Structure formats: C-alpha cells, structure tokens
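Below is the file start-v4.cif, which contains mmCIF, C-alpha atoms.
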data_target
#
loop_
_atom_site.label_atom_id
_atom_site.label_comp_id
_atom_site.auth_asym_id
_atom_site.auth_seq_id
_atom_site.Cartn_x
_atom_site.Cartn_y
_atom_site.Cartn_z
CA MET A 24 0.00 0.00 0.00
CA THR A 25 1.46 3.34 -1.09
CA VAL A 26 0.94 6.34 1.19
CA SER A 27 0.26 9.62 -0.63
CA VAL A 28 1.83 12.77 0.81
CA LEU A 29 1.36 16.49 0.24
CA VAL A 30 4.42 18.59 1.17
CA VAL A 31 3.69 22.16 2.29
CA ASP A 32 6.74 24.41 2.79
CA ASP A 33 7.95 27.75 1.47
CA SER A 34 11.56 26.54 1.16
CA GLY A 35 12.29 25.15 -2.29
CA PHE A 36 15.34 23.32 -0.96
CA PHE A 37 13.36 21.65 1.82
CA ARG A 38 10.52 20.63 -0.51
CA LYS A 39 13.00 19.08 -2.94
CA ARG A 40 15.02 17.27 -0.26
CA LEU A 41 11.96 15.90 1.53
CA THR A 42 10.39 14.76 -1.74
CA GLU A 43 13.59 12.92 -2.72
CA ILE A 44 13.79 11.10 0.61
CA LEU A 45 10.13 10.07 0.70
CA THR A 46 9.81 8.94 -2.93
CA GLY A 47 13.00 6.93 -2.62
CA SER A 48 11.31 4.60 -0.16
CA GLY A 49 8.99 2.95 -2.64
CA GLN A 50 6.25 3.07 0.01
CA ILE A 51 5.41 6.76 -0.27
CA LYS A 52 4.32 8.91 -3.19
CA VAL A 53 4.50 12.71 -3.04
CA VAL A 54 1.36 13.73 -4.90
CA GLY A 55 1.83 17.48 -4.61
CA VAL A 56 3.82 20.38 -3.15
CA ALA A 57 2.60 23.75 -1.88
CA THR A 58 4.58 26.90 -1.12
CA ASN A 59 2.24 28.40 1.50
CA GLY A 60 -0.59 27.48 3.82
CA ARG A 61 -3.40 28.72 1.56
CA GLU A 62 -2.09 26.67 -1.34
CA GLY A 63 -1.74 23.73 1.03
CA VAL A 64 -5.40 23.96 2.07
CA GLU A 65 -6.52 24.07 -1.58
CA LEU A 66 -4.34 21.12 -2.62
CA ALA A 67 -5.41 19.10 0.42
CA GLU A 68 -9.02 19.44 -0.72
CA LYS A 69 -8.16 18.65 -4.34
CA LEU A 70 -5.67 15.80 -3.89
CA ARG A 71 -6.99 14.19 -0.67
CA PRO A 72 -3.55 12.90 0.42
CA ASP A 73 -3.07 10.31 3.16
CA VAL A 74 -0.62 12.58 5.04
CA ILE A 75 0.39 16.24 4.88
CA THR A 76 3.77 17.57 6.02
CA MET A 77 3.48 21.18 7.15
CA ASP A 78 5.91 23.98 7.89
CA TYR A 79 4.87 26.68 10.36
CA GLU A 80 6.32 29.96 9.05
CA MET A 81 5.04 30.61 5.54
CA PRO A 82 3.69 33.56 3.57
CA VAL A 83 -0.02 34.09 2.77
CA MET A 84 -1.13 31.63 5.48
CA ASP A 85 0.94 30.12 8.29
CA GLY A 86 0.98 26.41 9.11
CA ILE A 87 -1.26 26.55 12.17
CA SER A 88 -3.99 28.43 10.32
CA ALA A 89 -3.68 25.94 7.47
CA VAL A 90 -4.04 22.98 9.84
CA ARG A 91 -7.20 24.51 11.31
CA GLU A 92 -8.69 24.96 7.85
CA ILE A 93 -7.79 21.43 6.79
CA MET A 94 -9.31 19.93 9.94
CA LYS A 95 -12.56 21.80 9.32
CA LYS A 96 -12.91 20.80 5.68
CA HIS A 97 -11.31 17.39 5.32
CA PRO A 98 -9.34 16.06 8.31
CA VAL A 99 -6.03 14.54 7.23
CA PRO A 100 -3.11 13.43 9.43
CA VAL A 101 -0.64 16.34 9.52
CA LEU A 102 3.04 16.05 10.48
CA MET A 103 4.51 19.41 11.47
CA PHE A 104 8.13 20.38 11.01
CA SER A 105 9.40 22.45 13.93
CA SER A 106 12.53 23.95 15.42
CA LEU A 107 13.65 22.34 18.69
CA THR A 108 13.68 25.61 20.62
CA TYR A 109 11.49 26.96 23.40
CA GLU A 110 9.64 29.16 20.92
CA GLY A 111 9.44 26.27 18.48
CA ALA A 112 7.90 24.20 21.25
CA ARG A 113 5.21 26.78 21.93
CA VAL A 114 4.35 27.06 18.25
CA THR A 115 4.26 23.29 17.79
CA LEU A 116 1.90 22.84 20.73
CA ASP A 117 -0.44 25.29 19.04
CA ALA A 118 -0.23 23.19 15.88
CA LEU A 119 -1.10 20.05 17.82
CA GLU A 120 -3.99 21.87 19.48
CA ALA A 121 -5.16 22.85 15.98
CA GLY A 122 -5.21 19.19 14.93
CA ALA A 123 -1.71 18.15 13.81
CA VAL A 124 -0.85 14.59 14.82
CA ASP A 125 2.89 14.79 15.42
CA PHE A 126 6.07 16.73 14.63
CA LEU A 127 9.71 16.41 13.66
CA PRO A 128 12.63 18.85 13.77
CA LYS A 129 12.95 20.98 10.63
CA ASN A 130 16.73 20.71 10.74
CA PHE A 131 17.56 17.26 9.37
CA GLU A 132 20.86 17.25 11.28
CA GLU A 133 18.81 17.28 14.49
CA ILE A 134 16.96 14.14 13.42
CA ALA A 135 19.78 11.84 12.37
CA ARG A 136 23.53 11.54 12.08
CA ASP A 137 23.58 10.09 8.57
CA SER A 138 21.40 9.99 5.48
CA SER A 139 20.35 6.35 5.84
CA GLN A 140 19.16 6.93 9.40
CA LEU A 141 17.39 10.12 8.31
CA GLN A 142 15.55 8.29 5.53
CA LYS A 143 14.38 5.57 7.90
CA ILE A 144 13.15 8.02 10.53
CA LEU A 145 11.24 10.18 8.06
CA ILE A 146 9.65 7.25 6.25
CA ASP A 147 8.72 5.45 9.48
CA ARG A 148 7.16 8.61 10.85
CA ILE A 149 5.09 9.23 7.72
CA LEU A 150 3.85 5.63 7.73
CA ASP A 151 3.03 5.84 11.44
CA VAL A 152 1.17 9.13 11.04
CA ALA A 153 -0.79 7.68 8.12
CA GLN A 154 -2.47 5.20 10.48
CA SER A 155 -3.54 7.89 12.95
CA ARG A 156 -7.05 9.18 13.51
CA PRO A 157 -7.02 12.98 13.03
CA GLY A 158 -10.71 13.22 13.88
CA ALA A 159 -10.38 11.27 17.13
CA ARG A 160 -9.96 14.31 19.35
CA PRO A 161 -13.09 15.46 21.19
CA ALA A 162 -13.94 19.14 21.22
CA PRO A 163 -11.55 21.19 23.39
CA ALA A 164 -12.43 21.49 27.05
CA ALA A 165 -13.78 24.78 28.33
CA GLY A 166 -10.42 25.77 29.74
CA SER A 167 -8.36 24.65 26.78
CA ALA A 168 -6.05 26.83 24.79
CA SER A 169 -8.27 26.86 21.76
CA SER A 170 -11.26 28.19 23.68
CA ALA A 171 -9.44 30.55 26.01
CA PRO A 172 -8.56 34.08 24.90
CA ALA A 173 -4.88 34.60 24.03
CA PRO A 174 -3.96 30.97 24.71
CA ARG A 175 -0.53 30.25 26.07
CA GLU A 176 1.15 27.97 23.69
CA THR A 177 3.84 25.56 24.29
CA ALA A 178 5.38 22.38 23.41
CA PRO A 179 4.18 19.52 21.33
CA LEU A 180 4.40 15.97 21.07
CA ARG A 181 7.47 13.98 21.26
CA PRO A 182 9.30 13.17 18.21
CA ARG A 183 11.16 9.97 18.80
CA SER A 184 14.47 11.19 20.05
CA PRO A 185 17.18 11.16 17.36
CA SER A 186 19.28 8.58 19.15
CA THR A 187 16.45 6.12 19.51
CA SER A 188 14.19 6.42 16.53
CA SER A 189 15.68 3.51 14.68
CA THR A 190 15.02 1.12 17.53
CA ARG A 191 11.51 2.05 18.53
CA PRO A 192 9.21 -0.67 19.88
CA ALA A 193 6.98 -2.35 17.36
CA SER A 194 3.84 -0.39 16.59
CA PRO A 195 0.50 -1.73 15.39
CA PRO A 196 0.25 -2.75 11.71
CA ARG A 197 0.26 0.25 9.43
CA THR A 198 -2.28 -1.05 7.00
CA ALA A 199 -5.17 -3.00 8.45
CA GLN A 200 -6.45 -3.35 11.98
CA PRO A 201 -5.76 -6.69 13.67
CA ALA A 202 -8.10 -9.44 12.51
CA VAL A 203 -9.10 -10.08 16.10
CA GLU A 204 -10.19 -6.98 17.95
CA PRO A 205 -8.73 -6.68 21.45
CA GLU A 206 -10.97 -7.69 24.29
CA THR A 207 -11.64 -4.67 26.44
CA PRO A 208 -12.97 -4.80 29.98
CA ARG A 209 -16.42 -3.42 30.58
CA ARG A 210 -16.38 -0.10 32.35
CA THR A 211 -17.46 -0.52 35.95
CA THR A 212 -19.06 2.52 37.52
CA ARG A 213 -17.80 3.24 41.01
CA ARG A 214 -19.59 6.46 41.81
CA GLY A 215 -19.73 6.91 45.57
CA SER A 216 -16.96 4.37 46.14
CA ALA A 217 -13.80 6.37 45.53
CA LYS A 218 -10.52 4.61 46.28
CA HIS A 219 -7.39 5.94 47.92
CA TYR A 220 -4.28 5.96 45.72
CA SER A 221 -0.85 7.07 46.88
CA VAL A 222 -0.11 8.38 43.37
CA VAL A 223 -1.62 8.52 39.89
CA GLY A 224 0.71 7.85 36.96
CA ILE A 225 -0.24 8.88 33.40
CA GLY A 226 1.77 7.79 30.37
CA THR A 227 1.28 8.82 26.74
CA SER A 228 2.93 9.57 23.41
CA THR A 229 1.46 10.58 20.03
CA GLY A 230 -1.67 12.67 20.66
CA GLY A 231 -0.67 13.01 24.30
CA PRO A 232 -0.26 16.78 24.68
CA VAL A 233 -3.89 17.40 23.70
CA ALA A 234 -5.11 14.36 25.66
CA LEU A 235 -3.24 15.35 28.82
CA GLN A 236 -4.57 18.89 28.56
CA ARG A 237 -8.09 17.52 28.25
CA VAL A 238 -7.73 15.28 31.31
CA LEU A 239 -5.81 17.62 33.61
CA THR A 240 -7.91 20.74 32.99
CA SER A 241 -10.93 18.88 34.35
CA LEU A 242 -9.32 18.21 37.75
CA PRO A 243 -9.96 20.50 40.75
CA ALA A 244 -7.14 22.22 42.64
CA SER A 245 -8.05 19.99 45.59
CA PHE A 246 -7.37 16.76 43.69
CA PRO A 247 -6.39 14.39 46.52
CA ALA A 248 -3.45 12.47 44.98
CA PRO A 249 -0.05 13.35 43.52
CA ILE A 250 0.26 12.87 39.75
CA VAL A 251 3.32 11.94 37.69
CA LEU A 252 3.23 12.45 33.92
CA VAL A 253 5.34 10.77 31.25
CA GLN A 254 4.99 12.20 27.74
CA HIS A 255 7.39 11.20 24.97
CA MET A 256 8.90 14.56 24.19
CA PRO A 257 12.36 16.08 23.60
CA ALA A 258 14.24 18.00 26.29
CA SER A 259 13.66 21.41 24.74
CA PHE A 260 9.88 20.93 24.79
CA THR A 261 8.95 19.67 28.25
CA PRO A 262 9.54 22.98 30.11
CA ALA A 263 7.20 24.81 27.73
CA PHE A 264 4.63 22.01 27.87
CA ALA A 265 4.61 22.00 31.67
CA GLU A 266 4.24 25.78 31.67
CA ARG A 267 1.31 25.58 29.29
CA LEU A 268 -0.49 22.99 31.40
CA ASN A 269 0.12 24.91 34.59
CA LYS A 270 -1.50 28.04 33.11
CA LEU A 271 -4.55 26.11 31.94
CA CYS A 272 -5.11 23.78 34.90
CA GLN A 273 -6.48 24.29 38.42
CA ILE A 274 -3.94 21.82 39.77
CA GLN A 275 -0.26 22.75 39.71
CA VAL A 276 1.84 21.34 36.87
CA ARG A 277 5.59 21.70 36.46
CA GLN A 278 8.57 19.86 35.07
CA ALA A 279 9.98 17.46 37.63
CA GLU A 280 13.36 18.08 39.23
CA ASP A 281 15.54 15.68 41.14
CA GLY A 282 14.45 15.62 44.79
CA ASP A 283 10.91 16.92 44.23
CA VAL A 284 8.43 15.68 46.83
CA LEU A 285 5.12 14.25 45.62
CA ARG A 286 2.05 15.96 47.05
CA PRO A 287 -1.69 16.12 46.31
CA GLY A 288 -2.77 18.60 43.67
CA LEU A 289 0.66 18.65 42.00
CA ALA A 290 1.44 17.00 38.66
CA LEU A 291 5.12 16.50 37.84
CA LEU A 292 6.10 16.07 34.18
CA ALA A 293 9.13 13.90 33.37
CA PRO A 294 11.82 16.01 31.67
CA GLY A 295 12.59 15.15 28.06
CA GLY A 296 15.81 13.29 27.35
CA LYS A 297 15.95 11.83 30.87
CA GLN A 298 14.30 9.17 33.02
CA MET A 299 12.07 9.84 36.02
CA MET A 300 11.79 7.39 38.90
CA ILE A 301 9.91 7.66 42.17
CA GLU A 302 11.46 6.53 45.46
CA ASN A 303 9.48 6.07 48.67
CA ARG A 304 11.73 6.21 51.70
CA GLY A 305 10.43 6.61 55.20
CA GLY A 306 6.95 7.38 53.95
CA GLN A 307 8.06 10.32 51.81
CA ALA A 308 8.03 9.94 48.04
CA ARG A 309 10.65 11.83 46.07
CA VAL A 310 11.55 12.14 42.41
CA ARG A 311 14.81 10.83 41.01
CA ILE A 312 15.86 12.24 37.65
CA LEU A 313 18.44 10.08 35.89
CA PRO A 314 20.33 10.47 32.61
CA GLY A 315 18.61 8.94 29.60
CA ASP A 316 19.87 5.40 29.10
CA GLU A 317 20.94 4.82 25.48
CA ARG A 318 19.64 1.25 25.73
CA LEU A 319 16.08 2.52 26.17
CA ASN A 320 13.93 3.49 23.21
CA TYR A 321 12.22 6.37 24.95
CA LYS A 322 13.54 9.18 27.10
CA PRO A 323 11.45 9.57 29.19
CA CYS A 324 10.08 6.03 29.30
CA VAL A 325 6.69 5.12 30.80
CA ASP A 326 7.89 1.64 31.75
CA VAL A 327 10.73 3.07 33.84
CA THR A 328 8.51 5.45 35.79
CA PHE A 329 5.64 2.99 36.24
CA GLY A 330 8.05 0.28 37.34
CA SER A 331 9.37 2.56 40.06
CA LEU A 332 5.79 3.31 41.16
CA ALA A 333 5.09 -0.41 41.41
CA ARG A 334 8.09 -0.84 43.72
CA SER A 335 7.44 2.27 45.80
CA PHE A 336 3.67 1.96 46.21
CA PRO A 337 2.67 -1.70 45.76
CA GLY A 338 -1.08 -2.00 45.36
CA LYS A 339 -1.61 1.73 45.92
CA THR A 340 -1.10 3.23 42.48
CA LEU A 341 -3.44 4.08 39.62
CA GLY A 342 -1.82 3.83 36.20
CA VAL A 343 -3.43 5.49 33.17
CA ILE A 344 -2.25 4.89 29.60
CA LEU A 345 -3.36 7.34 26.92
CA THR A 346 -2.96 7.55 23.14
CA GLY A 347 0.43 6.77 21.61
CA MET A 348 2.48 4.69 19.18
CA GLY A 349 4.20 1.50 20.25
CA SER A 350 3.80 -0.34 23.53
CA ASP A 351 5.69 1.71 26.11
CA GLY A 352 3.87 1.39 29.43
CA LYS A 353 2.74 -2.21 29.02
CA ASP A 354 5.58 -3.70 31.10
CA GLY A 355 5.27 -0.98 33.75
CA CYS A 356 1.51 -1.57 33.97
CA ARG A 357 2.12 -5.30 34.34
CA MET A 358 4.46 -4.63 37.28
CA MET A 359 1.87 -2.37 38.89
CA LYS A 360 -0.91 -4.86 38.26
CA GLN A 361 1.10 -7.67 39.89
CA THR A 362 1.20 -5.67 43.13
CA GLY A 363 -2.56 -5.12 43.12
CA SER A 364 -2.68 -1.62 41.62
CA ASP A 365 -5.34 -0.49 39.12
CA ILE A 366 -4.86 0.28 35.43
CA TRP A 367 -7.03 2.37 33.11
CA SER A 368 -6.49 2.79 29.37
CA GLN A 369 -7.94 5.06 26.71
CA ASP A 370 -10.30 3.50 24.18
CA GLU A 371 -9.60 3.11 20.48
CA LYS A 372 -12.24 5.54 19.24
CA THR A 373 -10.79 8.60 20.99
CA SER A 374 -7.10 7.65 20.61
CA VAL A 375 -5.16 9.50 17.92
CA ILE A 376 -3.04 6.33 17.65
CA TYR A 377 -4.25 3.19 19.40
CA GLY A 378 -0.86 1.66 20.14
CA MET A 379 0.10 2.06 23.79
CA PRO A 380 -3.42 1.69 25.22
CA MET A 381 -4.10 -1.24 22.89
CA ALA A 382 -0.97 -3.03 24.10
CA VAL A 383 -2.15 -2.67 27.70
CA ALA A 384 -5.73 -3.75 26.95
CA ARG A 385 -4.69 -6.72 24.80
CA ALA A 386 -2.39 -7.91 27.59
CA GLY A 387 -5.43 -8.06 29.88
CA LEU A 388 -4.06 -5.37 32.19
CA SER A 389 -6.83 -2.75 31.89
CA ASP A 390 -9.38 -2.61 34.69
CA GLU A 391 -11.25 0.06 32.77
CA VAL A 392 -11.16 1.22 29.15
CA LEU A 393 -12.43 4.77 28.89
CA ALA A 394 -13.08 7.42 26.26
CA LEU A 395 -10.80 10.42 26.64
CA GLU A 396 -13.64 12.69 27.78
CA GLU A 397 -14.50 10.20 30.54
CA ILE A 398 -11.05 10.01 32.11
CA GLY A 399 -10.98 13.39 33.89
CA PRO A 400 -14.45 13.00 35.45
CA ARG A 401 -13.61 9.40 36.33
CA LEU A 402 -10.49 10.55 38.18
CA LYS A 403 -12.55 13.07 40.12
CA GLU A 404 -15.08 10.46 41.19
CA GLY A 405 -12.73 7.52 41.62
CA VAL A 406 -9.76 8.93 43.54
CA ALA A 407 -10.27 9.55 47.25
#
For the structure just supplied, provide its representation as structure tokens.
Amino acid sequence: MTVSVLVVDDSGFFRKRLTEILTGSGQIKVVGVATNGREGVELAEKLRPDVITMDYEMPVMDGISAVREIMKKHPVPVLMFSSLTYEGARVTLDALEAGAVDFLPKNFEEIARDSSQLQKILIDRILDVAQSRPGARPAPAAGSASSAPAPRETAPLRPRSPSTSSTRPASPPRTAQPAVEPETPRRTTRRGSAKHYSVVGIGTSTGGPVALQRVLTSLPASFPAPIVLVQHMPASFTPAFAERLNKLCQIQVRQAEDGDVLRPGLALLAPGGKQMMIENRGGQARVRILPGDERLNYKPCVDVTFGSLARSFPGKTLGVILTGMGSDGKDGCRMMKQTGSDIWSQDEKTSVIYGMPMAVARAGLSDEVLALEEIGPRLKEGVA
C-alpha cells in the first residue's frame, strides 16, 4: 500500500530534499507540493492525500492556520516540522492543538547523524502518522487553549528522540487493523466508592499533549493524589509544555526536578531526554531524575517510571495509559498490576493512535477502558 503525501513548505530546498527522501522509499508517493498554507489547504481538498507535512512559518497563510482549515474541511493526518527551541515548542503545541498529529525537527541534522538513518526516521514517521485518527480528538475542554482568549502555547508531542528512533518498539500494523479486535474490559461505575491511591501515573505519546490537557484541565485544585506524567517529548519541549499545562489547569503542573516531593494537587512532568523514577523512603516519596539510558527506546520512558511506582507503592497506584504509538507502558503496567494496583487505558475511538493503550488492553491489564472525555471525570469520582 502506497501512502500519498502532500508537502507544504515555502523553502524550495526543503521541498526538494523531503520529496527525494520520501519517494526513494517505494512506500510513499508525493502527490503534490505547496509553497504556503493557503495553497496547502486548496491542494489538500483537491488531492486528498493520506498525510500532509506542514511547515509553520510561511507567507499568505501560516501552518497553524492551514491545519485549522484542513481539519474543518477534510481532516487529514498532519506532520509538522518544527525547530527544537522553546519558541518552536510553543508554536508546535499550538499546531497540535489545531489538529496536527505529530512533529519532527525541521533541521535534518537534528533528526539523524547520517542519510540512511534520516531516511528511515522520516519514512517510518510518515507511515506511522498515516495510520492515525485525526478526527479522534473530542472538542476542546472549556479551559483549553483553543477556547481561552490569548492561549498560552507551548510544546508539542514527542518526536522519537534522534538517538532512539531507529530502535523504537513495534507499533500496530500500518495497514489494516488486527483481525481479532482486542478484548476490552467493561467499564465498571464506582460512583460513591472512591478509592485511595498514593499516586496517579499517566503515560502517553502521540496525541498526548492534547489528551493530557483535556484530562488535567478537568481536575480541581483539591485533587487528593499526587500525579506523575510521562509524555514522549524532547528535552527542549517539556519545560514549555509544563508551563502551558500549569496556566490552563487548576492543579499545579511543572517539570519534575531531582528531589521533588510528591504531594496532592501537584502534577510532575518527566523532563525530556531523561528518566524519572519515584522513590518512597520513610513514607516520603521523592523524584529521582536520571540520565537517559541509550539502551532505552524512549527518554522519558513510561515503563521506567511505572516500574518505580510499582516498587514504591505496591497495590496503591493508579496507572493510566493514553494515546500513543508503540507499547511503552505495558511492562510498567504489568508490574503495577502484579502488586494489586489499578490500570485504566484510553479507548480506540478517541485515541489518535491506538498503540500504547491497545498493548495494555490486549495484555489483559486494563481494569477500565475509557473514552478520553470520561477520564478526567472518572479521576474526580474515583480517587479519594
């Protein structure tokens, strides 16, 4: 199956280079190129490509405005190209809020060390994005950036970090859905029977920034448990993402630092490029931030953080797995489940990419499978 791609960028050099790389794969066909956002919107309607690659800064119409128009008229998976700077992070988060699925650095040298690695990363990402569900996102929450005046932007989704992209965990088939649909547990309503958890862990990847915003903005400032967040995201993006969430949420959100103490009403985001573990010594839980291990596919890694939660709070943790490629989080959830902790996962319909939550559900680890819009309210009612 050939994936058709529309390239939208005002740089002639970038359009030419990207087209050469993608068409050389034999799996991808570039069906058109556009030099600005307005032209991109028109060609998207005319050509109906499987994937669109989109630059941000362009004449006539910028990339974010173009993404919004495309999502209104004919939703197509969009891969943004972004600079890995603080400002680039803020802009890319806006693009994801507008409907883009994922992003990659605009500077090819930031993606890979050699041309063969670059080709593999770009092609894999296009093929992964092609299987996403751009219409899966529910309408923005009342406090979200798209509905609030002068929204504070920030960072997007994780691109797979340059050093690890070539060894990512296997993702679901790119063409057809599995012949046997995963068995998902029936949602059990526990209204009036909230349970005490020492900590809530949330792990996610592709589609995660929007999903996390949706979940966390629905929680009250008095939320009774500490929260730790693991979002696949590069180091230059997590500070801006934490800042964005903190401005939109009633709870406090910030990037975790080594030695931070977990407390109710505070969500700590794992820093990009590193690993976050939780240690419980003498009844006080603290964060340990460790260098990113080159042997691990993701930095930060959900399995690493969830595994530490399983050891520190056996039987007293709630793990939540949201939208994302691959299967990161499955092993960590299994460790938590073996100690008696509870696991929730996002359903297929509302997942941008049903990889991580599917891996958890198919392994029989999910106590509840929930639509994205149900998760925030469920946390409010289910956590004592």
Any idea what's packed within 10 Å of Ala217 of chain A, counting all atoms listed in the file, ignoring anything in its chain fewer than 3 positions away? Could you give it as a ChimeraX atom specification? /A:213-214,220,401-407
Got time to write the residues from that selection, C-alpha atoms, as a CSV table (one decimal), in the coordinates of the input?
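Written out: selection-v6.csv:
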chain,number,residue,atom,x,y,z
A,213,ARG,CA,-17.8,3.2,41.0
A,214,ARG,CA,-19.6,6.5,41.8
A,220,TYR,CA,-4.3,6.0,45.7
A,401,ARG,CA,-13.6,9.4,36.3
A,402,LEU,CA,-10.5,10.6,38.2
A,403,LYS,CA,-12.6,13.1,40.1
A,404,GLU,CA,-15.1,10.5,41.2
A,405,GLY,CA,-12.7,7.5,41.6
A,406,VAL,CA,-9.8,8.9,43.5
A,407,ALA,CA,-10.3,9.6,47.2
Measuring between all atoms listed in the file, which one of A:Arg334, A:Arg309, A:Lys360, A:Arg38 shows the shortest distance to Ala279 of chain A?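 Among the listed residues, A:Arg309 lies closest to Ala279 of chain A.
One distance worth recording is that between atom CA of Leu102 of chain A and atom CA of Phe126 of chain A, which is 5.2 Å.
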Rank A:Ile366, A:Ser48, A:Arg156, A:Gly230 by their smallest atom-to-atom distance to Lys143 of chain A, using all atoms listed in the file, and report the top residue only.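 Looking only at the distances to Lys143 of chain A, the closest residue turns out to be A:Ser48.
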Given the PyMOL selection byres ((chain A and resi 373-387) around 9) and the file above, list the residues it selects as a PyMOL selection string. chain A and resi 124+151-152+154-161+194-195+204-208+226-231+234+343-354+356-357+366-372+388-396
Pull out every residue that the PyMOL selection byres ((chain A and resi 235-248) around 9) matches in the shown coordinates and put them as a PyMOL selection string. chain A and resi 161+163-168+219-223+225+227+230-234+249-250+252+254+267-268+271-275+285-290+345+395-400+402-403+406-407
Taking 2 positions as the minimum chain separation for residues in the same chain, which residues sit within 9 Å of Asn303 of chain A when counting all atoms listed in the file? Answer as a ChimeraX atom specification. /A:301,305-310,332,334-336
Pairwise distance for atom CA of Arg311 of chain A and atom CA of Ala333 of chain A, rounded to one decimal in Å: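 The value is 14.9 Å.
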How would you write, as number ranges by chain, the residues chosen by the PyMOL selection byres ((chain A and resi 114) around 12) on this structure? A: 78-80, 85-88, 103-113, 115-121, 123, 126, 174-180, 260, 263-264, 267
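Take the candidates A:Glu68, A:Gln278, A:Met77, A:Thr328 and check each one against Lys129 of chain A using all atoms listed in the file; the shortest distance goes to A:Met77.
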Taking 6 positions as the minimum chain separation for residues in the same chain, which residues sit within 8 Å of segment 295-298 of chain A when counting only C-alpha atoms? Answer as a VMD selection string. chain A and resid 184 255 to 261 312 to 316 322 to 324 327 to 328
File dump, residues just selected, C-alpha atoms, as a short mmCIF file (atom, residue, chain, number, x, y, z; two decimals), keeping the file's coordinate frame:
data_model
loop_
_atom_site.label_atom_id
_atom_site.label_comp_id
_atom_site.auth_asym_id
_atom_site.auth_seq_id
_atom_site.Cartn_x
_atom_site.Cartn_y
_atom_site.Cartn_z
CA SER A 184 14.47 11.19 20.05
CA HIS A 255 7.39 11.20 24.97
CA MET A 256 8.90 14.56 24.19
CA PRO A 257 12.36 16.08 23.60
CA ALA A 258 14.24 18.00 26.29
CA SER A 259 13.66 21.41 24.74
CA PHE A 260 9.88 20.93 24.79
CA THR A 261 8.95 19.67 28.25
CA ILE A 312 15.86 12.24 37.65
CA LEU A 313 18.44 10.08 35.89
CA PRO A 314 20.33 10.47 32.61
CA GLY A 315 18.61 8.94 29.60
CA ASP A 316 19.87 5.40 29.10
CA LYS A 322 13.54 9.18 27.10
CA PRO A 323 11.45 9.57 29.19
CA CYS A 324 10.08 6.03 29.30
CA VAL A 327 10.73 3.07 33.84
CA THR A 328 8.51 5.45 35.79
#
Hey, can you pull every residue with an atom no more than 12 Å from (9.7, 16.4, 1.0), using only C-alpha atoms, and send it as number ranges by chain? A: 27-48, 51-58, 74-78, 102, 104, 129, 131, 142, 145-146, 149
Would you output that residue set with C-alpha atoms, as a compact mmCIF listing (two decimals), in the frame of the given file?
# COMPACT_ATOMS: atom_id res chain seq x y z
CA SER A 27 0.26 9.62 -0.63
CA VAL A 28 1.83 12.77 0.81
CA LEU A 29 1.36 16.49 0.24
CA VAL A 30 4.42 18.59 1.17
CA VAL A 31 3.69 22.16 2.29
CA ASP A 32 6.74 24.41 2.79
CA ASP A 33 7.95 27.75 1.47
CA SER A 34 11.56 26.54 1.16
CA GLY A 35 12.29 25.15 -2.29
CA PHE A 36 15.34 23.32 -0.96
CA PHE A 37 13.36 21.65 1.82
CA ARG A 38 10.52 20.63 -0.51
CA LYS A 39 13.00 19.08 -2.94
CA ARG A 40 15.02 17.27 -0.26
CA LEU A 41 11.96 15.90 1.53
CA THR A 42 10.39 14.76 -1.74
CA GLU A 43 13.59 12.92 -2.72
CA ILE A 44 13.79 11.10 0.61
CA LEU A 45 10.13 10.07 0.70
CA THR A 46 9.81 8.94 -2.93
CA GLY A 47 13.00 6.93 -2.62
CA SER A 48 11.31 4.60 -0.16
CA ILE A 51 5.41 6.76 -0.27
CA LYS A 52 4.32 8.91 -3.19
CA VAL A 53 4.50 12.71 -3.04
CA VAL A 54 1.36 13.73 -4.90
CA GLY A 55 1.83 17.48 -4.61
CA VAL A 56 3.82 20.38 -3.15
CA ALA A 57 2.60 23.75 -1.88
CA THR A 58 4.58 26.90 -1.12
CA VAL A 74 -0.62 12.58 5.04
CA ILE A 75 0.39 16.24 4.88
CA THR A 76 3.77 17.57 6.02
CA MET A 77 3.48 21.18 7.15
CA ASP A 78 5.91 23.98 7.89
CA LEU A 102 3.04 16.05 10.48
CA PHE A 104 8.13 20.38 11.01
CA LYS A 129 12.95 20.98 10.63
CA PHE A 131 17.56 17.26 9.37
CA GLN A 142 15.55 8.29 5.53
CA LEU A 145 11.24 10.18 8.06
CA ILE A 146 9.65 7.25 6.25
CA ILE A 149 5.09 9.23 7.72
Could you jot down the atom CA of Phe329 of chain A to atom CA of Leu291 of chain A separation for me, Å, one decimal place?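 Between atom CA of Phe329 of chain A and atom CA of Leu291 of chain A the gap is 13.6 Å.
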Skip Met84 of chain A itself and residues of its chain fewer than 3 positions away, then list as a PyMOL selection string all residues within 8 Å of it, counting only C-alpha atoms. chain A and resi 59-61+81+88-89
Which residue out of A:Leu341, A:Val64, A:Leu70, A:Met24 has the minimum interatomic distance to Leu150 of chain A when all atoms listed in the file are used?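 Going through A:Leu341, A:Val64, A:Leu70, A:Met24 one by one, the smallest distance to Leu150 of chain A is for A:Met24.
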